[in-house]
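> Pasting run03.csv here (CSV, N, CA and C atoms):
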chain,number,residue,atom,x,y,z
A,1,MET,N,-0.1,14.9,36.5
A,1,MET,CA,-1.5,14.7,36.1
A,1,MET,C,-2.4,15.8,36.8
A,2,GLU,N,-2.1,16.1,38.0
A,2,GLU,CA,-2.9,17.1,38.8
A,2,GLU,C,-3.0,18.4,38.1
A,3,ASN,N,-1.9,18.9,37.6
A,3,ASN,CA,-1.9,20.2,36.9
A,3,ASN,C,-2.8,20.1,35.6
A,4,PHE,N,-2.7,19.0,34.9
A,4,PHE,CA,-3.6,18.8,33.7
A,4,PHE,C,-5.0,18.8,34.1
A,5,GLU,N,-5.3,18.1,35.2
A,5,GLU,CA,-6.7,18.0,35.7
A,5,GLU,C,-7.3,19.4,36.1
A,6,LEU,N,-6.4,20.2,36.8
A,6,LEU,CA,-6.8,21.6,37.1
A,6,LEU,C,-7.1,22.4,35.9
A,7,GLU,N,-6.1,22.3,34.9
A,7,GLU,CA,-6.2,23.0,33.6
A,7,GLU,C,-7.5,22.6,32.9
A,8,MET,N,-7.8,21.3,32.9
A,8,MET,CA,-9.0,20.9,32.2
A,8,MET,C,-10.3,21.4,32.9
A,9,GLN,N,-10.3,21.4,34.2
A,9,GLN,CA,-11.4,21.9,35.0
A,9,GLN,C,-11.6,23.3,34.7
A,10,GLU,N,-10.5,24.1,34.6
A,10,GLU,CA,-10.7,25.5,34.3
A,10,GLU,C,-11.2,25.7,32.9
A,11,ARG,N,-10.8,24.9,32.0
A,11,ARG,CA,-11.3,24.9,30.6
A,11,ARG,C,-12.8,24.7,30.6
A,12,VAL,N,-13.3,23.7,31.3
A,12,VAL,CA,-14.7,23.3,31.4
A,12,VAL,C,-15.5,24.5,32.0
A,13,ILE,N,-15.0,25.1,33.0
A,13,ILE,CA,-15.6,26.3,33.6
A,13,ILE,C,-15.7,27.5,32.6
A,14,ASP,N,-14.6,27.7,31.9
A,14,ASP,CA,-14.5,28.8,30.9
A,14,ASP,C,-15.6,28.5,29.8
A,15,VAL,N,-15.8,27.3,29.4
A,15,VAL,CA,-16.8,26.9,28.4
A,15,VAL,C,-18.2,27.2,29.0
A,16,LEU,N,-18.4,26.7,30.2
A,16,LEU,CA,-19.7,26.9,30.8
A,16,LEU,C,-20.1,28.4,31.0
A,17,LYS,N,-19.1,29.2,31.1
A,17,LYS,CA,-19.3,30.7,31.2
A,17,LYS,C,-19.7,31.3,29.9
A,18,THR,N,-19.7,30.5,28.8
A,18,THR,CA,-20.1,31.0,27.5
A,18,THR,C,-21.6,30.7,27.2
A,19,VAL,N,-22.2,29.9,28.2
A,19,VAL,CA,-23.6,29.5,28.0
A,19,VAL,C,-24.5,30.4,28.8
A,20,TYR,N,-25.5,31.0,28.1
A,20,TYR,CA,-26.5,31.9,28.8
A,20,TYR,C,-27.9,31.4,28.7
A,21,ASP,N,-28.7,31.7,29.7
A,21,ASP,CA,-30.1,31.5,29.6
A,21,ASP,C,-30.6,32.7,28.8
A,22,PRO,N,-31.3,32.5,27.7
A,22,PRO,CA,-31.7,33.6,26.8
A,22,PRO,C,-32.5,34.7,27.5
A,23,GLU,N,-33.1,34.4,28.6
A,23,GLU,CA,-33.9,35.3,29.3
A,23,GLU,C,-33.1,36.1,30.4
A,24,ILE,N,-31.9,35.7,30.7
A,24,ILE,CA,-31.1,36.3,31.8
A,24,ILE,C,-29.7,36.6,31.2
A,25,PRO,N,-29.3,37.9,31.4
A,25,PRO,CA,-28.0,38.3,30.8
A,25,PRO,C,-26.7,37.9,31.7
A,26,VAL,N,-26.8,36.7,32.2
A,26,VAL,CA,-25.7,36.2,33.1
A,26,VAL,C,-25.5,34.7,32.7
A,27,ASN,N,-24.2,34.3,32.6
A,27,ASN,CA,-23.9,32.9,32.2
A,27,ASN,C,-24.4,31.9,33.3
A,28,ILE,N,-24.6,30.7,32.9
A,28,ILE,CA,-25.1,29.7,33.8
A,28,ILE,C,-24.2,29.3,34.9
A,29,TYR,N,-22.9,29.5,34.7
A,29,TYR,CA,-22.0,29.2,35.8
A,29,TYR,C,-22.1,30.2,36.9
A,30,ASP,N,-22.1,31.5,36.6
A,30,ASP,CA,-22.2,32.5,37.6
A,30,ASP,C,-23.6,32.6,38.2
A,31,LEU,N,-24.6,32.1,37.5
A,31,LEU,CA,-26.0,32.0,38.0
A,31,LEU,C,-26.0,30.9,39.1
A,32,GLY,N,-25.0,30.0,39.2
A,32,GLY,CA,-25.0,29.0,40.2
A,32,GLY,C,-25.8,27.8,39.7
A,33,LEU,N,-26.0,27.6,38.4
A,33,LEU,CA,-26.7,26.5,37.9
A,33,LEU,C,-25.9,25.2,37.7
A,34,ILE,N,-24.6,25.3,37.9
A,34,ILE,CA,-23.7,24.1,37.8
A,34,ILE,C,-23.5,23.6,39.2
A,35,TYR,N,-23.9,22.4,39.5
A,35,TYR,CA,-23.8,21.8,40.8
A,35,TYR,C,-22.5,20.9,41.0
A,36,ARG,N,-22.1,20.3,39.9
A,36,ARG,CA,-21.0,19.4,40.0
A,36,ARG,C,-20.3,19.3,38.6
A,37,ILE,N,-19.0,19.3,38.7
A,37,ILE,CA,-18.1,19.0,37.5
A,37,ILE,C,-17.2,17.9,38.0
A,38,GLU,N,-17.2,16.8,37.3
A,38,GLU,CA,-16.3,15.7,37.7
A,38,GLU,C,-15.7,15.1,36.4
A,39,LEU,N,-14.3,15.1,36.5
A,39,LEU,CA,-13.6,14.5,35.4
A,39,LEU,C,-13.1,13.1,35.8
A,40,SER,N,-13.0,12.2,34.8
A,40,SER,CA,-12.4,10.9,35.0
A,40,SER,C,-10.9,11.1,35.3
A,41,GLU,N,-10.2,10.1,35.8
A,41,GLU,CA,-8.8,10.2,36.1
A,41,GLU,C,-8.0,10.6,35.0
A,42,ASP,N,-8.3,10.1,33.8
A,42,ASP,CA,-7.5,10.5,32.6
A,42,ASP,C,-8.0,11.8,31.9
A,43,CYS,N,-9.1,12.4,32.5
A,43,CYS,CA,-9.6,13.6,32.0
A,43,CYS,C,-10.3,13.5,30.6
A,44,THR,N,-10.7,12.3,30.2
A,44,THR,CA,-11.4,12.1,28.9
A,44,THR,C,-12.9,12.1,29.1
A,45,GLU,N,-13.4,11.8,30.3
A,45,GLU,CA,-14.8,11.7,30.5
A,45,GLU,C,-15.2,12.8,31.5
A,46,LEU,N,-16.3,13.4,31.2
A,46,LEU,CA,-16.8,14.6,32.0
A,46,LEU,C,-18.2,14.3,32.4
A,47,CYS,N,-18.5,14.5,33.7
A,47,CYS,CA,-19.9,14.4,34.2
A,47,CYS,C,-20.2,15.8,34.9
A,48,VAL,N,-21.3,16.3,34.4
A,48,VAL,CA,-21.8,17.6,34.9
A,48,VAL,C,-23.2,17.5,35.4
A,49,ASP,N,-23.5,17.9,36.7
A,49,ASP,CA,-24.8,18.1,37.2
A,49,ASP,C,-25.2,19.5,37.1
A,50,MET,N,-26.3,19.8,36.6
A,50,MET,CA,-26.8,21.2,36.5
A,50,MET,C,-28.3,21.3,36.8
A,51,THR,N,-28.7,22.5,37.0
A,51,THR,CA,-30.1,22.7,37.2
A,51,THR,C,-30.6,23.9,36.4
A,52,LEU,N,-31.8,24.3,36.5
A,52,LEU,CA,-32.3,25.5,35.9
A,52,LEU,C,-32.9,26.4,36.9
A,53,THR,N,-33.1,27.7,36.5
A,53,THR,CA,-33.7,28.6,37.5
A,53,THR,C,-35.1,28.2,37.9
A,54,ALA,N,-35.8,27.5,37.0
A,54,ALA,CA,-37.1,27.0,37.3
A,54,ALA,C,-37.3,25.7,36.6
A,55,PRO,N,-38.0,24.7,37.2
A,55,PRO,CA,-38.2,23.4,36.5
A,55,PRO,C,-38.9,23.5,35.2
A,56,ASN,N,-39.8,24.5,35.0
A,56,ASN,CA,-40.5,24.7,33.8
A,56,ASN,C,-39.9,25.7,32.9
A,57,CYS,N,-38.6,25.9,32.9
A,57,CYS,CA,-37.9,26.9,32.1
A,57,CYS,C,-38.1,26.7,30.7
A,58,PRO,N,-38.7,27.7,29.9
A,58,PRO,CA,-39.0,27.5,28.5
A,58,PRO,C,-37.7,27.3,27.6
A,59,ALA,N,-36.6,27.7,28.1
A,59,ALA,CA,-35.4,27.6,27.3
A,59,ALA,C,-34.5,26.3,27.7
A,60,ALA,N,-35.1,25.4,28.5
A,60,ALA,CA,-34.4,24.3,29.0
A,60,ALA,C,-33.7,23.5,27.9
A,61,ASP,N,-34.4,23.1,26.9
A,61,ASP,CA,-33.8,22.3,25.8
A,61,ASP,C,-32.7,23.0,25.1
A,62,PHE,N,-32.9,24.3,24.9
A,62,PHE,CA,-31.9,25.1,24.2
A,62,PHE,C,-30.6,25.2,25.1
A,63,ILE,N,-30.8,25.4,26.4
A,63,ILE,CA,-29.6,25.5,27.3
A,63,ILE,C,-28.9,24.2,27.4
A,64,MET,N,-29.6,23.1,27.6
A,64,MET,CA,-29.0,21.8,27.7
A,64,MET,C,-28.2,21.4,26.5
A,65,GLU,N,-28.8,21.7,25.3
A,65,GLU,CA,-28.1,21.4,24.1
A,65,GLU,C,-26.8,22.2,23.9
A,66,ASP,N,-27.0,23.5,24.2
A,66,ASP,CA,-25.8,24.4,24.1
A,66,ASP,C,-24.7,23.9,25.1
A,67,VAL,N,-25.0,23.5,26.3
A,67,VAL,CA,-24.0,23.0,27.2
A,67,VAL,C,-23.4,21.8,26.6
A,68,ARG,N,-24.2,20.8,26.2
A,68,ARG,CA,-23.7,19.6,25.7
A,68,ARG,C,-22.7,19.8,24.5
A,69,GLN,N,-23.1,20.6,23.5
A,69,GLN,CA,-22.3,20.8,22.4
A,69,GLN,C,-21.0,21.5,22.7
A,70,LYS,N,-21.0,22.4,23.6
A,70,LYS,CA,-19.8,23.2,23.9
A,70,LYS,C,-18.9,22.3,24.7
A,71,LEU,N,-19.4,21.5,25.6
A,71,LEU,CA,-18.5,20.6,26.4
A,71,LEU,C,-17.9,19.5,25.5
A,72,GLU,N,-18.7,18.9,24.6
A,72,GLU,CA,-18.2,17.9,23.7
A,72,GLU,C,-17.2,18.4,22.8
A,73,ALA,N,-17.1,19.7,22.6
A,73,ALA,CA,-16.1,20.3,21.7
A,73,ALA,C,-14.8,20.6,22.3
A,74,ILE,N,-14.7,20.4,23.7
A,74,ILE,CA,-13.4,20.6,24.4
A,74,ILE,C,-12.4,19.5,23.9
A,75,THR,N,-11.3,19.9,23.5
A,75,THR,CA,-10.3,19.0,23.0
A,75,THR,C,-9.9,18.1,24.2
A,76,GLY,N,-9.9,16.8,23.9
A,76,GLY,CA,-9.5,15.8,25.0
A,76,GLY,C,-10.7,15.1,25.6
A,77,ILE,N,-11.9,15.8,25.6
A,77,ILE,CA,-13.0,15.2,26.2
A,77,ILE,C,-13.7,14.2,25.2
A,78,GLU,N,-13.8,13.0,25.6
A,78,GLU,CA,-14.4,12.0,24.7
A,78,GLU,C,-15.8,11.7,25.0
A,79,LYS,N,-16.2,11.9,26.2
A,79,LYS,CA,-17.6,11.5,26.6
A,79,LYS,C,-18.1,12.5,27.6
A,80,VAL,N,-19.3,13.0,27.4
A,80,VAL,CA,-19.9,14.0,28.3
A,80,VAL,C,-21.2,13.4,28.8
A,81,GLU,N,-21.4,13.4,30.1
A,81,GLU,CA,-22.6,13.0,30.8
A,81,GLU,C,-23.2,14.2,31.4
A,82,LEU,N,-24.3,14.7,31.0
A,82,LEU,CA,-25.0,15.9,31.5
A,82,LEU,C,-26.3,15.5,32.2
A,83,ASN,N,-26.3,15.8,33.4
A,83,ASN,CA,-27.5,15.5,34.3
A,83,ASN,C,-28.2,16.7,34.7
A,84,LEU,N,-29.5,16.7,34.4
A,84,LEU,CA,-30.4,17.8,34.9
A,84,LEU,C,-31.0,17.4,36.2
A,85,VAL,N,-30.7,18.2,37.3
A,85,VAL,CA,-31.1,17.8,38.6
A,85,VAL,C,-31.9,19.0,39.2
A,86,PHE,N,-32.8,18.8,40.1
A,86,PHE,CA,-33.5,19.8,40.8
A,86,PHE,C,-33.4,19.8,42.3
A,87,GLU,N,-32.4,19.0,42.8
A,87,GLU,CA,-32.1,19.0,44.2
A,87,GLU,C,-30.7,19.3,44.4
A,88,PRO,N,-30.3,20.3,45.2
A,88,PRO,CA,-31.2,21.2,45.8
A,88,PRO,C,-31.9,22.2,44.8
A,89,GLU,N,-33.0,22.7,45.2
A,89,GLU,CA,-33.7,23.6,44.4
A,89,GLU,C,-32.8,24.9,44.3
A,90,TRP,N,-32.7,25.4,43.1
A,90,TRP,CA,-31.9,26.7,42.8
A,90,TRP,C,-32.6,27.9,43.5
A,91,ASP,N,-31.8,28.8,44.1
A,91,ASP,CA,-32.3,30.0,44.5
A,91,ASP,C,-31.2,31.1,44.3
A,92,LYS,N,-31.6,32.4,44.4
A,92,LYS,CA,-30.7,33.5,44.1
A,92,LYS,C,-29.4,33.5,44.9
A,93,GLY,N,-29.4,32.9,46.0
A,93,GLY,CA,-28.2,32.9,46.9
A,93,GLY,C,-27.1,32.1,46.3
A,94,MET,N,-27.4,31.3,45.2
A,94,MET,CA,-26.4,30.5,44.6
A,94,MET,C,-25.6,31.2,43.5
A,95,MET,N,-26.0,32.4,43.2
A,95,MET,CA,-25.3,33.2,42.2
A,95,MET,C,-24.0,33.8,42.7
A,96,SER,N,-23.1,34.0,41.8
A,96,SER,CA,-21.8,34.7,42.2
A,96,SER,C,-22.1,36.2,42.5
A,97,GLU,N,-21.2,36.8,43.2
A,97,GLU,CA,-21.3,38.2,43.5
A,97,GLU,C,-21.5,39.0,42.2
A,98,GLU,N,-20.8,38.7,41.1
A,98,GLU,CA,-20.8,39.4,39.8
A,98,GLU,C,-22.2,39.3,39.3
A,99,ALA,N,-22.8,38.1,39.3
A,99,ALA,CA,-24.2,37.8,38.8
A,99,ALA,C,-25.2,38.7,39.6
A,100,LYS,N,-25.0,38.7,40.9
A,100,LYS,CA,-26.0,39.5,41.7
A,100,LYS,C,-25.9,40.9,41.4
A,101,MET,N,-24.7,41.4,41.2
A,101,MET,CA,-24.5,42.9,40.8
A,101,MET,C,-25.1,43.1,39.4
A,102,GLU,N,-24.9,42.2,38.5
A,102,GLU,CA,-25.4,42.4,37.1
A,102,GLU,C,-26.9,42.5,37.1
A,103,LEU,N,-27.5,41.6,38.0
A,103,LEU,CA,-29.0,41.6,38.0
A,103,LEU,C,-29.6,42.5,39.0
A,104,GLY,N,-28.8,43.3,39.7
A,104,GLY,CA,-29.3,44.3,40.6
A,104,GLY,C,-29.7,43.8,42.0
A,105,PHE,N,-29.2,42.7,42.4
A,105,PHE,CA,-29.5,42.1,43.7
A,105,PHE,C,-28.6,42.6,44.8
A,106,LEU,N,-27.6,43.4,44.5
A,106,LEU,CA,-26.7,43.9,45.5
A,106,LEU,C,-26.8,45.4,45.5
As a first step, turn the structure in this file into structure tokens.

Amino acid sequence: MENFELEMQERVIDVLKTVYDPEIPVNIYDLGLIYRIELSEDCTELCVDMTLTAPNCPAADFIMEDVRQKLEAITGIEKVELNLVFEPEWDKGMMSEEAKMELGFL
């Protein structure tokens, strides 16, 4: 079961890396917007906590719906709980090295 859980976790991350904020050319995972990914023991239920680069992000609805649709499309996932959180507040330090390079912060 552990291998399957790791595989499913990787699949979730791969899917999250296909979601972009339309205003930023970096995916939401590398931007550091995903705070928690939790799978149920049987890997059929998924809970994701995420944030936005700013609470008043104009693309918030678009991004959330894109995430929800893509996660619900993962084979084997029967239920997705997507939580938008603002604690801790997002900052540039949460980005991956690749994202920082892409955006010119390194």
> May I have all residues of chain A that DSSP, computed from the backbone, assigns to strand (DSSP E), given as an NGL selection string?
:A and (34-39 or 45-50 or 79-84)
> So that I can see what lies close to Thr53 (chain A), please list as a VMD selection string the residues with an atom at most 12 Å from it, counting only C-alpha atoms and leaving out residues fewer than 4 positions away in the same chain.
chain A and resid 20 to 24 26 to 29 31 to 34 57 to 60 63 84 to 95
> To test your reading of the structure, identify every residue in chain A that backbone DSSP assigns to helix (DSSP H, G or I), and report it as a PyMOL selection string.
chain A and resi 2-16+60-72+92-94+97-102
> Please provide the set of residues having any atom within 8 Å of Asp42 (chain A), restricted to only N, CA and C atoms, with same-chain residues fewer than 3 positions apart removed, written as an MDAnalysis selection string.
chainID A and resid 4:5 39 45 76
> Any idea what the distance is between CA of Tyr35 (chain A) and CA of Leu103 (chain A)?
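Separation between CA of Tyr35 (chain A) and CA of Leu103 (chain A): 20.7 Å.
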> Grab the CA of Phe62 (chain A) to CA of Leu106 (chain A) distance for me, in Å with one decimal place.
28.9 Å
> Here is a test: counting only N, CA and C atoms, which residue of A:Thr44, A:Glu38, A:Pro55, A:Ile13 is nearest to Ile77 (chain A)?
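The shortest atom-to-atom distance to Ile77 (chain A) comes from A:Thr44.
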> Return the single residue from A:Met101, A:Leu52, A:Ile37, A:Cys43 that is closest to Thr75 (chain A), with distances computed using only N, CA and C atoms.
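When distances to Thr75 (chain A) are compared using only N, CA and C atoms, the smallest one comes from A:Cys43.
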> Would you list the contacts of Val12 (chain A) as an MDAnalysis selection string, taking every protein, DNA or RNA residue within 9 Å and counting only C-alpha atoms, but skipping same-chain residues closer than 5 positions in sequence?
chainID A and resid 7 17 37 46 71 74
> Could you tell me how far CA of Glu78 (chain A) lies from CA of Glu10 (chain A), in Å and to one decimal?
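So the two atoms, CA of Glu78 (chain A) and CA of Glu10 (chain A), lie 17.0 Å apart.
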> Calculated over only N, CA and C atoms, which of the candidates A:Ala54, A:Ser96, A:Cys47, A:Glu65 has the smallest distance to Lys79 (chain A)?
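The shortest atom-to-atom distance to Lys79 (chain A) comes from A:Cys47.
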